[in-house]
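*Asks:* Quick one: the structure is below, questions incoming.
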Amino acid sequence: MGSPELDSLGAGIHVAVQEAPFDTASEIARLSALSDRTGGVGLFFGQVRGGNGLVSLTLEHYPGMTEKILHALAHEAVQRFGLLGCTLIHRVGTLRVGEAIVFVGASAAHRGAALDATAFLIDRLKTGAPFWKKEEFADGHASWVAAREEDEHAARAWSQDTPPPA
């Protein structure tokens with residue numbers, strides 16, 4: 001599991017880009033145990049969505065740069081929302097429908113900060129981290145996933161200091 005790095009505010013930050021599955025229960029336990037001041041943990045757990053014959057999703061990334069961007073996002077969230085800590089884990093490689101792809105968690109003294117930080121992190125991660133996704137279908141064809149305008153809109157809304165509408 002490893003110990004999280006501490007940022008300048010003393011918050012625990014854990015960032016990983018990995019092929020291996022992650023243990024959601026362990027990650028929740030890590031966030032919950034960061035401080036005796038923890039009053040809320042906000043979570044987003046994403047998995048490969050099926051439909052239209054999709055069988056797998058292959059994720060590629062820019063090693064080194066991806067981790068750097070995720071660390072910067074984590075530090076921004078800690079400062080912006082007063083977090084006690086946060087976790088960003090994103091898987092790469094080929095993942096089948098139903099497999100876990102991303103874990104975003106934020107630990108804070110109060111639920112509002114934890115929930116807002118979680119939304120901020122996933123919105124910004126989806127548009128700001130260098131990941132490329134290729135969908136592979138049962139009939140043998142494959143295609144790269146294009147950026148979605150609704151994801152870009154949600155990420156832009158955070159630069160206006162207000163959360164985007166749900």
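Starting from 1 in every chain, residues are counted up; chains themselves are A, B, ... following the order of the structure tokens, and ligands are numbered from 1 as listed.
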Run DSSP on the backbone and grab whatever in chain A lands in alpha helix (DSSP H); send it over as a PyMOL selection string.
*Replies:* chain A and resi 24-32+65-81+111-128+149-158
*Asks:* For Lys133 (chain A), list every protein, DNA or RNA residue within 8 Å, evaluated using only C-alpha atoms, and leave out those in the same chain fewer than 2 positions away; present the list as a PyMOL selection string.
*Replies:* chain A and resi 57-60+131+135+144-145
*Asks:* Restricted to N, CA and C atoms, what would the selected residues look like written as a compact mmCIF listing (two decimals), in the first residue's frame?
*Replies:*
# COMPACT_ATOMS: atom_id res chain seq x y z
N LEU A 57 -11.20 -1.81 -23.26
CA LEU A 57 -10.71 -0.46 -23.44
C LEU A 57 -9.21 -0.50 -23.15
N THR A 58 -8.42 0.00 -24.08
CA THR A 58 -6.98 0.06 -23.86
C THR A 58 -6.60 1.51 -23.59
N LEU A 59 -5.92 1.72 -22.47
CA LEU A 59 -5.50 3.06 -22.08
C LEU A 59 -3.99 3.18 -22.19
N GLU A 60 -3.56 4.23 -22.85
CA GLU A 60 -2.14 4.56 -22.94
C GLU A 60 -1.96 5.91 -22.26
N PHE A 131 -4.08 10.82 -21.09
CA PHE A 131 -4.49 9.44 -21.29
C PHE A 131 -5.16 9.35 -22.66
N GLU A 135 -11.22 1.95 -27.82
CA GLU A 135 -12.28 0.98 -27.61
C GLU A 135 -12.13 -0.18 -28.58
N TRP A 144 -10.28 5.02 -31.47
CA TRP A 144 -9.82 5.89 -30.40
C TRP A 144 -10.98 6.76 -29.94
N VAL A 145 -11.06 7.00 -28.64
CA VAL A 145 -12.14 7.79 -28.05
C VAL A 145 -11.79 9.27 -28.16
*Asks:* What separation in Å, quoted to one decimal, exists between CA of Phe81 (chain A) and CA of Ala25 (chain A)?
*Replies:* 23.6 Å
*Asks:* Pull the strand (DSSP E) assignments for chain A out of DSSP run on the backbone, and list those residues as a PyMOL selection string.
*Replies:* chain A and resi 5-6+12-18+40-47+54-61+85-91+93-96+100-108+131-137+142-144
*Asks:* Please report the interatomic distance between CA of Arg111 (chain A) and CA of Glu152 (chain A) in Å with one decimal.
*Replies:*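 Value for the CA of Arg111 (chain A)-CA of Glu152 (chain A) distance: 25.6 Å.
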*Asks:* Within 9 Å of His71 (chain A), counting only C-alpha atoms, which residues show up once you throw out same-chain ones fewer than 3 positions away? Write them as a PyMOL selection string, please.
*Replies:* chain A and resi 13-15+66-68+74-76+88
*Asks:* With C-alpha atoms retained, write the just-selected residues as a tab-separated table (two decimals), in the first residue's frame.
*Replies:*
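This went into out35.tsv:
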chain	number	residue	atom	x	y	z
A	13	ILE	CA	-1.33	12.54	-1.19
A	14	HIS	CA	-1.22	9.21	-2.99
A	15	VAL	CA	-0.96	9.14	-6.80
A	66	THR	CA	0.90	11.83	-16.40
A	67	GLU	CA	2.08	11.35	-12.82
A	68	LYS	CA	3.35	14.94	-12.67
A	74	ALA	CA	-3.85	16.58	-6.02
A	75	HIS	CA	-1.89	19.50	-4.56
A	76	GLU	CA	-4.34	21.98	-6.10
A	88	LEU	CA	-5.72	9.46	-7.47
*Asks:* Could you give me, as a PDB file with N, CA and C atoms, in the first residue's frame, the residues within 8 Å of Ile101 (chain A), counting only C-alpha atoms and dropping anything in the same chain fewer than 2 positions from it?
*Replies:*
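Written output follows (result_23.pdb):
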ATOM      1  N   PHE A  45     -15.388   6.044  -7.993  1.00  0.00           N
ATOM      2  CA  PHE A  45     -14.824   4.794  -8.478  1.00  0.00           C
ATOM      3  C   PHE A  45     -15.397   4.589  -9.866  1.00  0.00           C
ATOM      4  N   GLY A  46     -14.524   4.515 -10.873  1.00  0.00           N
ATOM      5  CA  GLY A  46     -14.996   4.326 -12.236  1.00  0.00           C
ATOM      6  C   GLY A  46     -14.604   2.970 -12.781  1.00  0.00           C
ATOM      7  N   GLN A  47     -15.460   2.441 -13.655  1.00  0.00           N
ATOM      8  CA  GLN A  47     -15.162   1.157 -14.278  1.00  0.00           C
ATOM      9  C   GLN A  47     -15.455   1.247 -15.765  1.00  0.00           C
ATOM     10  N   VAL A  48     -14.932   0.296 -16.525  1.00  0.00           N
ATOM     11  CA  VAL A  48     -15.132   0.275 -17.965  1.00  0.00           C
ATOM     12  C   VAL A  48     -16.601  -0.039 -18.238  1.00  0.00           C
ATOM     13  N   HIS A  90      -5.104   5.702 -11.436  1.00  0.00           N
ATOM     14  CA  HIS A  90      -5.656   5.469 -12.773  1.00  0.00           C
ATOM     15  C   HIS A  90      -4.929   4.285 -13.380  1.00  0.00           C
ATOM     16  N   ARG A  91      -5.705   3.354 -13.884  1.00  0.00           N
ATOM     17  CA  ARG A  91      -5.113   2.177 -14.515  1.00  0.00           C
ATOM     18  C   ARG A  91      -4.849   2.429 -15.988  1.00  0.00           C
ATOM     19  N   VAL A  92      -3.875   1.715 -16.519  1.00  0.00           N
ATOM     20  CA  VAL A  92      -3.540   1.740 -17.935  1.00  0.00           C
ATOM     21  C   VAL A  92      -3.445   0.299 -18.423  1.00  0.00           C
ATOM     22  N   LEU A  95      -8.229  -3.183 -20.384  1.00  0.00           N
ATOM     23  CA  LEU A  95      -9.192  -3.497 -19.331  1.00  0.00           C
ATOM     24  C   LEU A  95     -10.489  -3.969 -19.970  1.00  0.00           C
ATOM     25  N   GLU A  99     -14.225  -3.843 -15.409  1.00  0.00           N
ATOM     26  CA  GLU A  99     -13.024  -3.712 -14.577  1.00  0.00           C
ATOM     27  C   GLU A  99     -12.867  -2.273 -14.087  1.00  0.00           C
ATOM     28  N   PHE A 103      -9.802   5.495  -9.435  1.00  0.00           N
ATOM     29  CA  PHE A 103     -10.218   5.730  -8.054  1.00  0.00           C
ATOM     30  C   PHE A 103      -9.798   7.140  -7.695  1.00  0.00           C
TER      31      PHE A 103
END
*Asks:* Please determine, counting only C-alpha atoms, which residue among A:Val55, A:Ile28, A:Thr94, A:Val41 has the shortest atom-to-atom distance to His141 (chain A).
*Replies:*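 Going through A:Val55, A:Ile28, A:Thr94, A:Val41 one by one, the smallest distance to His141 (chain A) is for A:Val55.
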*Asks:* In terms of the shortest atom-to-atom distance over only C-alpha atoms, which of A:Arg49, A:Lys126, A:His110, A:Lys134 is closest to Arg148 (chain A)?
*Replies:*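 Between A:Arg49, A:Lys126, A:His110, A:Lys134, the residue approaching Arg148 (chain A) most closely is A:Lys126.
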*Asks:* Closest to Gln79 (chain A) among A:Ala16, A:Ala147, A:Ala113, A:Gly39, using only C-alpha atoms?
*Replies:*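 That would be A:Ala113, the residue with the smallest distance to Gln79 (chain A).
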*Asks:* Just how far from CA of Pro21 (chain A) is CA of Ala114 (chain A), in Å to one decimal?
*Replies:*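 So the two atoms, CA of Ala114 (chain A) and CA of Pro21 (chain A), lie 23.9 Å apart.
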*Asks:* Smallest atom-to-atom distance to Met65 (chain A): which of A:Pro130, A:Arg124, A:Gly85, A:Gly40, using only C-alpha atoms?
*Replies:* A:Pro130
*Asks:* From the set A:Ala157, A:Cys86, A:Ala129, A:Ala72, which residue has the shortest atom-to-atom contact distance to Ala33 (chain A), counting only C-alpha atoms?
*Replies:*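 Counting only C-alpha atoms, the residue closest to Ala33 (chain A) is A:Cys86.
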*Asks:* When distances are computed from only C-alpha atoms, which of A:Leu115, A:Leu125, A:Ala106, A:Leu31 shows the smallest separation from Arg156 (chain A)?
*Replies:*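 Going through A:Leu115, A:Leu125, A:Ala106, A:Leu31 one by one, the smallest distance to Arg156 (chain A) is for A:Leu125.
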